[in-house]
Amino acid sequence: MASFFDLAGRRAVAAAAQNSAVPSTKAKDPNRPVPWVEKYRPKNLNDVSAQDHTISVLKRTLQSSNLPHMLFYGPPGTGKTSTVLALAKELYGPELMKSRVLELNASDERGISIVREKVKNFARITVSTASSTQSSNYPCPPYKIIILDEADSMTQDAQSALRRTMETYSKITRFCLICNYVTRIIDPLASRCSKFRFKPLDEENAKLRLEEIAKMENVEYEDGVIDALIKVSEGDLRKAITYLQSAARLHNPIIRPKPKKITVKSIQEIAGVIPDQTIDKLLEACELEKGKSAYSEISRLVQDIVADGWSAGQVVFQLYNKLVFNDEVTAEQKNDIVLIFSEVDKRLVDGSDEHLQILDLALRISEVLAKG
Amino acid sequence: MLLVDKHRPRKLEALHYHQGLSSRLKALANSGDFPHLLVYGPSGAGKKTRIVATLKELYGPGVEKIKIDSRVFMTTTNRKIEFNIVASVYHIEITPSDVGNHDRVIIQSLLKEIGQTQQVDIAAKQKFKVVVINEADHLTRDAQAALRRTMEKYSPNLRLILIANSTANIIAPIKSRTLLIRVAAPTIDEMVGVLKHVAELERFEFSDKLARRVAEESGRNLRRALLMFEALYAQNEVVKDNTPIPPPDYETLIGQIADELLADHSPARILLVRAKFYDLLTHCIPATVILKLLTFRLVAKIDDVLKAEVIKWAAFYEHRIHLGSKVIFHLEAFVAKFLRILESYLMGMEF
Ligand SMILES: Nc1ncnc2c1ncn2[C@@H]1O[C@H](COP(=O)(O)OP(=O)(O)OP(=O)(O)O)[C@@H](O)[C@H]1O
Ligand SMILES: [Mg+2]
C-alpha cells in the first residue's frame with residue numbers, strides 16, 4: 001500500500017497526470033469541484049463588490065500606473081486578498097505576474113531573518129522587461145509588487161526590518177500589506193502606505209452577489225433565505241457563500257432525486273443560531289420573581305445549553321441582542337448589563353470555561369433584572 | 001479493549017443519535033465537494049466518532065488502514081521537535097497542541113507539503129486529501145493564522161476538519177473559512193439507548209433505571225458513561241437498579257475537599273486542602289476541572305442566597321487560571337474567597 005508520505009509515489013502520480021505541482025484554482029479538470037468561494041473569487045477589479053471607494057481609487061492608479069505602497073485592512077471575507085490579486089493580474093497579466101509579484105502570507109515563515117533576506121532580495125532585483133505582447137495587453141509598470149498578506153501575524157521586529165527595504169527600493173518595488181486590524185501594523189510602516197479600508201459588505205451588495213451566485217448554480221430557495229444569510233454572516237461575504245453552498249448541498253444532494261428549496265430554518269441551523277425559544281427560556285428564568293432563588297432553574301438551563309454544544313459566543317451575542325433591544329429593561333439596568341457583557345466577552349476570549357462564564361452571566365443578569 | 005472503542009460505530013448509518021446531523025454529513029460527503037469543517041461540541045459527545053465515519057463515507061474502508069509516522073521538524077531557533085502523525089493513504093490526523101508553542105512550524109511546513117501534492121491513489125473517490133486537526137481550540141494564534149491562506153490556496157488538494165470543544169478561541173478568519181458543525185451531547189434518553197445496545201452486545205443484564213443513573217452521573221458525556229458502565233459490570237457480580245456507581249478517584253477527592261471546607265471554615269483549612277490540590281494537579285487533573293467540580297459540590301450544599309456569589313468568584317478565578325502562571329494560587333484564592341463568603345453569611349454580615 002502506498003503511504004501518505006510516499007513522496008516519490010506522489011511525484012510519479014503528479015508527473016503522470018502532467019499537472020503542475022502548484023495547484024491552481026482554475027482547475028484544469030472541469031469535473032473537479034471547487035468551493036464556490038474560490039469559484040466566485042473576483043477575477044478583476046470590476047468583480048469586487050461593495051468596496052466602491054477603494055476600487056475606484058485603485059482603478060485610477062491603474063491608469064496612471066503609479067502605485068503607492070498600500071495597506072488594506074478590514075474584517076474577514078470582505079475582499080482584501082481578492083482585490084490585491086485582481087489588481088496584480090490587471091497590472092501584469094497572468095504570465096508576467098509570476099515573476100513580478102511575491103506573495104507571502106502567514107503560512108510562510110516571515111521572521112526577521114526572512115524579511116532581511118528573502119524580501120530584500122526580491123525587492124532589489126531589477127525589473128525584467130515585459131515582452132511586447134505582454135506590454136500591449138497590460139500596463140506592465142516598471143516595478144514589482146510584494147504582497148504581505150495577513151500581516152497582523154508579523155512580529156514587530158520583522159515589521160521594523162521592513163522599513164528600510166521599503167524605502168530603499170521604492171522605485172522598483174511596491175508593497176501591499178494586508179491585515180484585519182490596522183493597529184497591529186507598526187506606525188512607521190503604516191505611515192508609509194496609502195490606507196484602504198475594506199468595509200463589511202452592505203446588505204444591498206451582498207444580496208446582489210449572493211443572488212447572482214445562486215442563479216448561476218441553479219439554487220432554489222424560499223423567500224427570506226438571502227436576507228437570513230446576510231444577517232447571520234454579518235458582512236462577511238465568504239461566510240455567506242459557504243453557508244449558501246452548504247445549504248444547497250444539504251437540500252439538493254446528488255443522492256436525493258428531487259431538489260428542495262433552501263429554507264430560512266436550515267440557514268440558521270447551518271449558522272449555529274440558537275433557537276429563540278432556548279434563549280427566551282433562559283431569560284424567563286432570569287426574571288424570576290423577587291425573593292425566590294433563580295439559581296436552580298438557571299443552572300439547569302445553562303447546563304443543557306452547554307451540553308447541547310452551543311458556542312458561548314453565540315449565547316452571549318443573542319442574549320445581548322434580546323436584552324439591549326428590550327424596551328421593558330430600563331436604561332439603568334442596561335447600563336449595568338453592558339458592563340457584565342464586556343467582562344464576560346473578554347474572559348471567553350481569554351479561554352475561560354464556557355459553562356462557568358455563561359452561568360455567571362445569567363445569574364448576574366438575573367440580579368440586575370431583580371433590582372427592577 | 002475498552003467498550004468505548006470496541007463498540008464504536010464505524011459508519012454514519014450506525015451512529016445512534018443526531019440522525020439529522022449524520023444525514024447532513026452524508027449529503028456533504030456525497031456532494032463531490034466538501035467544505036472545510038469546524039466540528040465543535042462538549043467532550044464525549046462523539047465528535048471524533050462522527051468524523052471517522054464521515055471519512056469512511058468520503059473514501060471507503062481504505063481510511064481505516066492507518067499507521068503512525070513520527071516526523072521531525074525544525075523550529076526557527078533550530079530546535080528539533082518530534083511529532084506524531086496518524087495517516088491513511090487519504091487523510092492524516094494531527095494534534096498540534098502536543099508541541100505547545102511550536103505548533104506554527106508544523107502547520108506551516110506540513111500542510112503546505114500536503115497541499116502541494118496530489119492524492120497517491122489515482123482511483124481515490126475524492127481528489128482532495130483531508131487533514132484532521134484535533135484540539136484545534138488549543139492552536140496558538142500564529143498557528144491559526146498560518147492556516148488561513150493555505151485553506152484557500154490549496155483548496156483543490158486539501159480539506160481541513162478542525163475538532164474543538166469550543167469555538168471561542170478560534171480566530172474569526174478561520175471561522176469565516178469553515179462550515180461550523182455543532183455536535184451536541186446526547187440526551188439522557190439517547191444515552192440510555194446506547195447503553196442498552198452495548199449491554200445487548202456484551203450480554204449484560206440490562207436495567208433501565210441503572211442506565212439512566214449512569215447517564216445522569218456522567219453529565220451527558222457518553223465516553224464517561226461507557227467507562228462507568230463497564231466498571232459497574234466489571235466490579236459487581238450482580239448489578240441492580242440501585243448498585244452504587246463508583247465515581248472516578250479524583251471526583252471523590254474533590255468531594256472530600258468540599259466536605260472539609262463546609263465542615264470547618266476556619267482560615268487554617270486552606271493549608272489542609274492545599275495538599276489535596278497538589279495531589280490532584282500532580283495527577284494531571286486540569287485546574288479548571290478541579291475548580292468547577294469543587295464549585296458545584298459546594299454550591300449544592302449552601303444556602304440559595306449565596307449561590308450566585310460563589311459562582312461569580314468561581315468564574316473570576318477560573319479566568320485567572322488562564323491568565324496567570326501558577327494555577328495553585330487561584331485555586332487557593334477561590335477557597336479563601338469561599339470561606340470568607342460563608343463566614344460572613346453565618347455571622348449575618350454583608351459579603
Ligand atoms: N468584496 C467582495 N466582492 C466579491 N466577492 C467577495 C468580496 N469579498 C469577499 N468575497 C468572496 O469571499 C471570498 C474571500 O474573500 P477574500 O479572500 O478577498 O477575503 P479577505 O478580505 O482577504 O479575508 P481574510 O481577512 O479572512 O483573509 C472570495 O473568494 C469571494 O468569493
Ligand atoms: Mg485574505
# chains A, B, ... in the order shown; residues from 1 in each chain; ligands from 1
>>> select_by_dssp(residues="region 72-134 of chain A", states="helix (DSSP H, G or I)", output="PyMOL selection string")
chain A and resi 80-100+112-124+132-134
>>> closest_atom_pairs(of="chain A", to="ligand 1", cutoff="6 Å", atoms="only C-alpha atoms and all ligand atoms", output="Markdown table")
| residue | atom | partner | partner_atom_place_in_ligand_line | distance |
| --- | --- | --- | --- | --- |
| A:Val37 | CA | ligand 1 | 31 (O) | 3.8 |
| A:Glu38 | CA | ligand 1 | 29 (O) | 4.7 |
| A:Tyr40 | CA | ligand 1 | 31 (O) | 4.7 |
| A:Arg41 | CA | ligand 1 | 29 (O) | 3.5 |
| A:Pro42 | CA | ligand 1 | 4 (C) | 5.4 |
| A:Val48 | CA | ligand 1 | 3 (N) | 3.7 |
| A:Ser49 | CA | ligand 1 | 3 (N) | 3.7 |
| A:Ala50 | CA | ligand 1 | 1 (N) | 5.5 |
| A:Gln51 | CA | ligand 1 | 1 (N) | 5.9 |
| A:Pro75 | CA | ligand 1 | 25 (O) | 5.5 |
| A:Pro76 | CA | ligand 1 | 25 (O) | 3.4 |
| A:Gly77 | CA | ligand 1 | 19 (O) | 3.6 |
| A:Thr78 | CA | ligand 1 | 8 (N) | 3.6 |
| A:Gly79 | CA | ligand 1 | 18 (O) | 3.0 |
| A:Lys80 | CA | ligand 1 | 21 (O) | 3.7 |
| A:Thr81 | CA | ligand 1 | 22 (O) | 3.7 |
| A:Ser82 | CA | ligand 1 | 18 (O) | 3.7 |
| A:Asn180 | CA | ligand 1 | 25 (O) | 5.6 |
| A:Leu237 | CA | ligand 1 | 9 (C) | 4.9 |
| A:Arg238 | CA | ligand 1 | 12 (O) | 3.6 |
>>> write_last_selection(atoms="all heavy atoms", output="short mmCIF file (atom, residue, chain, number, x, y, z; two decimals), in the first residue's frame")
data_model
loop_
_atom_site.label_atom_id
_atom_site.label_comp_id
_atom_site.auth_asym_id
_atom_site.auth_seq_id
_atom_site.Cartn_x
_atom_site.Cartn_y
_atom_site.Cartn_z
N VAL A 37 -16.58 29.70 -2.89
CA VAL A 37 -15.83 30.90 -2.52
C VAL A 37 -14.64 31.10 -3.45
O VAL A 37 -14.27 32.24 -3.75
CB VAL A 37 -15.31 30.88 -1.06
CG1 VAL A 37 -16.36 31.37 -0.11
CG2 VAL A 37 -14.75 29.55 -0.67
N GLU A 38 -14.04 30.02 -3.92
CA GLU A 38 -12.91 30.17 -4.85
C GLU A 38 -13.41 30.37 -6.27
O GLU A 38 -12.89 31.17 -7.03
CB GLU A 38 -11.98 28.96 -4.78
CG GLU A 38 -11.21 28.85 -3.46
CD GLU A 38 -10.41 30.10 -3.11
OE1 GLU A 38 -9.93 30.80 -4.03
OE2 GLU A 38 -10.28 30.39 -1.90
N TYR A 40 -16.04 31.81 -7.25
CA TYR A 40 -16.55 33.16 -7.45
C TYR A 40 -15.66 34.22 -6.83
O TYR A 40 -16.12 35.29 -6.46
CB TYR A 40 -17.99 33.25 -6.92
CG TYR A 40 -18.91 32.36 -7.71
CD1 TYR A 40 -19.32 31.13 -7.20
CD2 TYR A 40 -19.31 32.71 -8.99
CE1 TYR A 40 -20.13 30.28 -7.94
CE2 TYR A 40 -20.12 31.87 -9.74
CZ TYR A 40 -20.52 30.66 -9.22
OH TYR A 40 -21.32 29.83 -9.96
N ARG A 41 -14.40 33.90 -6.70
CA ARG A 41 -13.47 34.93 -6.24
C ARG A 41 -13.34 35.95 -7.37
O ARG A 41 -13.18 35.57 -8.53
CB ARG A 41 -12.11 34.30 -5.94
CG ARG A 41 -11.12 35.26 -5.29
CD ARG A 41 -9.78 34.62 -5.06
NE ARG A 41 -9.72 33.76 -3.89
CZ ARG A 41 -9.61 34.21 -2.64
NH1 ARG A 41 -9.57 35.50 -2.42
NH2 ARG A 41 -9.54 33.38 -1.63
N PRO A 42 -13.45 37.23 -7.06
CA PRO A 42 -13.40 38.25 -8.11
C PRO A 42 -12.16 38.08 -9.00
O PRO A 42 -11.06 37.91 -8.49
CB PRO A 42 -13.32 39.56 -7.33
CG PRO A 42 -13.94 39.26 -6.02
CD PRO A 42 -13.65 37.83 -5.74
N VAL A 48 -15.20 42.99 -7.84
CA VAL A 48 -15.22 43.18 -6.39
C VAL A 48 -16.43 44.01 -5.99
O VAL A 48 -16.61 45.12 -6.46
CB VAL A 48 -13.93 43.88 -5.91
CG1 VAL A 48 -13.97 44.12 -4.41
CG2 VAL A 48 -12.71 43.06 -6.30
N SER A 49 -17.28 43.44 -5.14
CA SER A 49 -18.48 44.18 -4.75
C SER A 49 -18.20 45.10 -3.58
O SER A 49 -17.30 44.88 -2.78
CB SER A 49 -19.60 43.23 -4.28
OG SER A 49 -19.54 42.01 -4.92
N ALA A 50 -19.03 46.09 -3.49
CA ALA A 50 -19.20 46.91 -2.28
C ALA A 50 -18.05 47.85 -1.91
O ALA A 50 -18.27 48.85 -1.25
CB ALA A 50 -19.52 46.03 -1.08
N GLN A 51 -16.83 47.54 -2.32
CA GLN A 51 -15.73 48.41 -1.88
C GLN A 51 -15.51 49.53 -2.91
O GLN A 51 -14.39 49.73 -3.38
CB GLN A 51 -14.45 47.57 -1.68
CG GLN A 51 -14.64 46.29 -0.91
CD GLN A 51 -15.12 46.52 0.52
OE1 GLN A 51 -15.18 47.64 1.00
NE2 GLN A 51 -15.47 45.45 1.21
N PRO A 75 -12.33 43.49 8.14
CA PRO A 75 -12.68 42.17 8.68
C PRO A 75 -12.58 41.05 7.63
O PRO A 75 -12.46 41.34 6.44
CB PRO A 75 -14.11 42.36 9.17
CG PRO A 75 -14.62 43.58 8.50
CD PRO A 75 -13.45 44.43 8.17
N PRO A 76 -12.62 39.80 8.08
CA PRO A 76 -12.50 38.65 7.17
C PRO A 76 -13.59 38.65 6.09
O PRO A 76 -14.70 39.14 6.33
CB PRO A 76 -12.69 37.44 8.08
CG PRO A 76 -12.37 37.90 9.45
CD PRO A 76 -12.71 39.36 9.49
N GLY A 77 -13.23 38.12 4.94
CA GLY A 77 -14.21 37.89 3.89
C GLY A 77 -14.79 39.14 3.27
O GLY A 77 -15.94 39.15 2.85
N THR A 78 -14.01 40.21 3.19
CA THR A 78 -14.52 41.44 2.59
C THR A 78 -13.83 41.79 1.28
O THR A 78 -14.11 42.82 0.69
CB THR A 78 -14.38 42.62 3.58
OG1 THR A 78 -13.04 42.65 4.06
CG2 THR A 78 -15.34 42.47 4.74
N GLY A 79 -12.88 40.94 0.86
CA GLY A 79 -12.30 41.13 -0.47
C GLY A 79 -10.87 41.64 -0.52
O GLY A 79 -10.40 42.03 -1.59
N LYS A 80 -10.17 41.65 0.58
CA LYS A 80 -8.81 42.20 0.58
C LYS A 80 -7.85 41.40 -0.30
O LYS A 80 -7.23 41.94 -1.22
CB LYS A 80 -8.27 42.27 2.02
CG LYS A 80 -9.11 43.11 2.96
CD LYS A 80 -8.56 43.12 4.37
CE LYS A 80 -8.56 41.76 5.03
NZ LYS A 80 -9.90 41.18 5.22
N THR A 81 -7.76 40.11 0.00
CA THR A 81 -6.85 39.27 -0.78
C THR A 81 -7.28 39.24 -2.24
O THR A 81 -6.45 39.36 -3.15
CB THR A 81 -6.81 37.85 -0.19
OG1 THR A 81 -6.43 37.93 1.18
CG2 THR A 81 -5.83 36.97 -0.93
N SER A 82 -8.59 39.10 -2.46
CA SER A 82 -9.08 39.05 -3.84
C SER A 82 -8.71 40.31 -4.60
O SER A 82 -8.32 40.25 -5.77
CB SER A 82 -10.61 38.93 -3.86
OG SER A 82 -11.04 37.91 -3.01
N ASN A 180 -6.26 42.40 9.25
CA ASN A 180 -7.61 42.59 9.79
C ASN A 180 -7.65 43.81 10.72
O ASN A 180 -8.59 44.57 10.71
CB ASN A 180 -8.10 41.37 10.56
CG ASN A 180 -8.32 40.16 9.66
OD1 ASN A 180 -7.74 39.10 9.87
ND2 ASN A 180 -9.16 40.33 8.65
N LEU A 237 -18.71 38.12 3.37
CA LEU A 237 -19.28 37.50 2.17
C LEU A 237 -18.80 36.06 2.00
O LEU A 237 -19.54 35.20 1.51
CB LEU A 237 -18.94 38.32 0.93
CG LEU A 237 -19.70 37.92 -0.34
CD1 LEU A 237 -21.20 38.00 -0.14
CD2 LEU A 237 -19.30 38.79 -1.52
N ARG A 238 -17.58 35.80 2.43
CA ARG A 238 -17.08 34.43 2.31
C ARG A 238 -17.96 33.48 3.12
O ARG A 238 -18.36 32.43 2.64
CB ARG A 238 -15.64 34.35 2.79
CG ARG A 238 -15.08 32.94 2.70
CD ARG A 238 -13.89 32.75 3.59
NE ARG A 238 -12.70 33.41 3.08
CZ ARG A 238 -12.04 34.34 3.74
NH1 ARG A 238 -12.47 34.74 4.92
NH2 ARG A 238 -10.96 34.88 3.23
#
>>> residues_near_ligand(ligand="ligand 2", cutoff="12 Å", atoms="only C-alpha atoms and all ligand atoms", output="MDAnalysis selection string")
(chainID A and resid 37:38 41 72:85 103:107 147:152 177:180 198 236 238) or (chainID B and resid 145:153 172:174 176:177)
>>> residues_around(residues="Ser299 (chain A)", least_positions_apart="5", cutoff="9 Å", atoms="only C-alpha atoms", output="MDAnalysis selection string")
chainID A and resid 294 304 359 362:363
>>> write_last_selection(atoms="all heavy atoms", output="PDB file, in the first residue's frame")
ATOM      1  N   ALA A 294     -33.373  32.164  41.758  1.00  0.00           N
ATOM      2  CA  ALA A 294     -33.421  31.780  40.352  1.00  0.00           C
ATOM      3  C   ALA A 294     -32.396  30.699  40.058  1.00  0.00           C
ATOM      4  O   ALA A 294     -32.353  30.150  38.967  1.00  0.00           O
ATOM      5  CB  ALA A 294     -33.164  33.004  39.487  1.00  0.00           C
ATOM      6  N   ASP A 304     -27.849  22.515  30.171  1.00  0.00           N
ATOM      7  CA  ASP A 304     -28.326  21.964  28.895  1.00  0.00           C
ATOM      8  C   ASP A 304     -27.743  22.708  27.699  1.00  0.00           C
ATOM      9  O   ASP A 304     -27.371  22.098  26.702  1.00  0.00           O
ATOM     10  CB  ASP A 304     -29.853  22.001  28.833  1.00  0.00           C
ATOM     11  CG  ASP A 304     -30.465  20.817  29.577  1.00  0.00           C
ATOM     12  OD1 ASP A 304     -29.724  19.844  29.838  1.00  0.00           O
ATOM     13  OD2 ASP A 304     -31.667  20.868  29.897  1.00  0.00           O
ATOM     14  N   LEU A 359     -23.012  30.704  33.111  1.00  0.00           N
ATOM     15  CA  LEU A 359     -23.783  30.637  34.351  1.00  0.00           C
ATOM     16  C   LEU A 359     -23.639  31.945  35.126  1.00  0.00           C
ATOM     17  O   LEU A 359     -24.634  32.520  35.596  1.00  0.00           O
ATOM     18  CB  LEU A 359     -23.295  29.444  35.185  1.00  0.00           C
ATOM     19  CG  LEU A 359     -24.035  29.171  36.492  1.00  0.00           C
ATOM     20  CD1 LEU A 359     -25.523  28.988  36.246  1.00  0.00           C
ATOM     21  CD2 LEU A 359     -23.467  27.924  37.178  1.00  0.00           C
ATOM     22  N   ALA A 362     -25.633  34.711  33.377  1.00  0.00           N
ATOM     23  CA  ALA A 362     -27.079  34.614  33.570  1.00  0.00           C
ATOM     24  C   ALA A 362     -27.462  35.011  34.999  1.00  0.00           C
ATOM     25  O   ALA A 362     -28.440  35.744  35.201  1.00  0.00           O
ATOM     26  CB  ALA A 362     -27.557  33.203  33.256  1.00  0.00           C
ATOM     27  N   LEU A 363     -26.697  34.568  35.968  1.00  0.00           N
ATOM     28  CA  LEU A 363     -27.021  34.895  37.361  1.00  0.00           C
ATOM     29  C   LEU A 363     -26.894  36.395  37.616  1.00  0.00           C
ATOM     30  O   LEU A 363     -27.693  36.992  38.326  1.00  0.00           O
ATOM     31  CB  LEU A 363     -26.104  34.122  38.313  1.00  0.00           C
ATOM     32  CG  LEU A 363     -26.356  32.608  38.396  1.00  0.00           C
ATOM     33  CD1 LEU A 363     -25.231  31.909  39.149  1.00  0.00           C
ATOM     34  CD2 LEU A 363     -27.700  32.323  39.061  1.00  0.00           C
TER      35      LEU A 363
END
>>> closest_residue(among="A:Pro35, A:Gly235, A:Gly224, A:Gly309", to="Glu204 (chain A)", atoms="only C-alpha atoms")
A:Gly235
>>> residues_around(residues="Leu222 (chain B)", least_positions_apart="6", cutoff="12 Å", atoms="only C-alpha atoms", output="NGL selection string")
(:A and (307)) or (:B and (3-5 or 8 or 16-17 or 42-47 or 49 or 184-195 or 211 or 214-216 or 228-229))
>>> write_last_selection(atoms="N, CA and C atoms", output="mmCIF file, in the first residue's frame")
data_model
loop_
_atom_site.group_PDB
_atom_site.id
_atom_site.type_symbol
_atom_site.label_atom_id
_atom_site.label_comp_id
_atom_site.auth_asym_id
_atom_site.auth_seq_id
_atom_site.Cartn_x
_atom_site.Cartn_y
_atom_site.Cartn_z
ATOM 1 N N ALA A 307 -24.268 21.467 27.284
ATOM 2 C CA ALA A 307 -24.220 20.093 26.775
ATOM 3 C C ALA A 307 -24.667 20.040 25.315
ATOM 4 N N LEU B 3 -14.862 -0.971 26.179
ATOM 5 C CA LEU B 3 -16.144 -0.981 25.452
ATOM 6 C C LEU B 3 -16.288 0.258 24.570
ATOM 7 N N VAL B 4 -15.759 1.383 25.063
ATOM 8 C CA VAL B 4 -15.858 2.627 24.289
ATOM 9 C C VAL B 4 -15.298 2.432 22.889
ATOM 10 N N ASP B 5 -14.177 1.718 22.796
ATOM 11 C CA ASP B 5 -13.551 1.519 21.494
ATOM 12 C C ASP B 5 -14.153 0.343 20.748
ATOM 13 N N ARG B 8 -17.469 1.203 19.048
ATOM 14 C CA ARG B 8 -17.551 2.498 18.370
ATOM 15 C C ARG B 8 -18.129 2.293 16.978
ATOM 16 N N HIS B 16 -25.828 6.311 16.685
ATOM 17 C CA HIS B 16 -27.109 6.160 17.356
ATOM 18 C C HIS B 16 -27.973 7.403 17.449
ATOM 19 N N TYR B 17 -27.358 8.541 17.622
ATOM 20 C CA TYR B 17 -28.184 9.725 17.847
ATOM 21 C C TYR B 17 -27.798 10.830 16.871
ATOM 22 N N PRO B 42 -19.243 19.601 23.287
ATOM 23 C CA PRO B 42 -18.630 19.188 24.546
ATOM 24 C C PRO B 42 -17.881 17.866 24.402
ATOM 25 N N SER B 43 -16.972 17.601 25.314
ATOM 26 C CA SER B 43 -16.197 16.379 25.158
ATOM 27 C C SER B 43 -17.068 15.168 25.494
ATOM 28 N N GLY B 44 -16.776 14.083 24.809
ATOM 29 C CA GLY B 44 -17.565 12.876 24.991
ATOM 30 C C GLY B 44 -18.885 12.893 24.241
ATOM 31 N N ALA B 45 -19.072 13.881 23.366
ATOM 32 C CA ALA B 45 -20.337 13.961 22.632
ATOM 33 C C ALA B 45 -20.279 13.095 21.366
ATOM 34 N N GLY B 46 -19.087 12.651 20.994
ATOM 35 C CA GLY B 46 -18.970 11.792 19.822
ATOM 36 C C GLY B 46 -18.500 12.505 18.570
ATOM 37 N N LYS B 47 -17.726 13.573 18.751
ATOM 38 C CA LYS B 47 -17.251 14.322 17.582
ATOM 39 C C LYS B 47 -16.336 13.451 16.722
ATOM 40 N N THR B 49 -15.859 10.189 16.611
ATOM 41 C CA THR B 49 -16.530 9.036 16.011
ATOM 42 C C THR B 49 -17.257 9.447 14.731
ATOM 43 N N ALA B 184 -23.968 18.180 19.581
ATOM 44 C CA ALA B 184 -24.486 18.263 20.947
ATOM 45 C C ALA B 184 -24.209 16.958 21.668
ATOM 46 N N ALA B 185 -24.087 17.033 22.978
ATOM 47 C CA ALA B 185 -24.001 15.800 23.754
ATOM 48 C C ALA B 185 -25.330 15.068 23.608
ATOM 49 N N PRO B 186 -25.314 13.726 23.654
ATOM 50 C CA PRO B 186 -26.579 13.015 23.554
ATOM 51 C C PRO B 186 -27.456 13.314 24.767
ATOM 52 N N THR B 187 -28.765 13.246 24.595
ATOM 53 C CA THR B 187 -29.661 13.440 25.734
ATOM 54 C C THR B 187 -29.616 12.179 26.596
ATOM 55 N N ILE B 188 -30.212 12.270 27.773
ATOM 56 C CA ILE B 188 -30.206 11.114 28.681
ATOM 57 C C ILE B 188 -30.869 9.902 27.997
ATOM 58 N N ASP B 189 -31.999 10.150 27.342
ATOM 59 C CA ASP B 189 -32.692 9.039 26.666
ATOM 60 C C ASP B 189 -31.817 8.409 25.588
ATOM 61 N N GLU B 190 -31.163 9.272 24.815
ATOM 62 C CA GLU B 190 -30.302 8.749 23.759
ATOM 63 C C GLU B 190 -29.155 7.930 24.349
ATOM 64 N N MET B 191 -28.646 8.390 25.483
ATOM 65 C CA MET B 191 -27.552 7.660 26.118
ATOM 66 C C MET B 191 -28.018 6.305 26.623
ATOM 67 N N VAL B 192 -29.211 6.285 27.207
ATOM 68 C CA VAL B 192 -29.750 5.011 27.689
ATOM 69 C C VAL B 192 -29.859 4.039 26.512
ATOM 70 N N GLY B 193 -30.272 4.571 25.362
ATOM 71 C CA GLY B 193 -30.364 3.744 24.164
ATOM 72 C C GLY B 193 -29.021 3.118 23.801
ATOM 73 N N VAL B 194 -27.959 3.926 23.847
ATOM 74 C CA VAL B 194 -26.633 3.417 23.505
ATOM 75 C C VAL B 194 -26.190 2.369 24.521
ATOM 76 N N LEU B 195 -26.425 2.639 25.799
ATOM 77 C CA LEU B 195 -26.013 1.697 26.843
ATOM 78 C C LEU B 195 -26.754 0.369 26.672
ATOM 79 N N ALA B 211 -29.087 2.373 34.005
ATOM 80 C CA ALA B 211 -28.519 3.047 32.840
ATOM 81 C C ALA B 211 -28.822 4.541 32.904
ATOM 82 N N VAL B 214 -26.540 6.153 35.381
ATOM 83 C CA VAL B 214 -25.191 6.297 34.807
ATOM 84 C C VAL B 214 -25.149 7.506 33.867
ATOM 85 N N ALA B 215 -26.172 7.589 33.013
ATOM 86 C CA ALA B 215 -26.218 8.684 32.037
ATOM 87 C C ALA B 215 -26.226 10.027 32.753
ATOM 88 N N GLU B 216 -27.029 10.121 33.807
ATOM 89 C CA GLU B 216 -27.123 11.395 34.517
ATOM 90 C C GLU B 216 -25.825 11.730 35.244
ATOM 91 N N MET B 228 -17.959 4.208 32.946
ATOM 92 C CA MET B 228 -18.624 3.922 34.216
ATOM 93 C C MET B 228 -19.435 2.633 34.125
ATOM 94 N N PHE B 229 -20.111 2.499 33.010
ATOM 95 C CA PHE B 229 -20.966 1.336 32.773
ATOM 96 C C PHE B 229 -20.127 0.058 32.787
#
>>> residues_around(residues="Arg340 (chain B)", least_positions_apart="2", cutoff="12 Å", atoms="only C-alpha atoms", output="ChimeraX atom specification")
/B:261-262,265-267,269-270,306,309-310,313,333-338,342-347,349-351
>>> residues_around(residues="region 278-280 of chain B", least_positions_apart="6", cutoff="9 Å", atoms="only C-alpha atoms", output="ChimeraX atom specification")
/B:250,253-254,286-287,290,328
>>> atom_distance(atom1="CA of Ile340 (chain A)", atom2="CA of Leu361 (chain A)")
6.9 Å
>>> atom_distance(atom1="CA of Thr129 (chain A)", atom2="CA of Val57 (chain A)")
26.6 Å
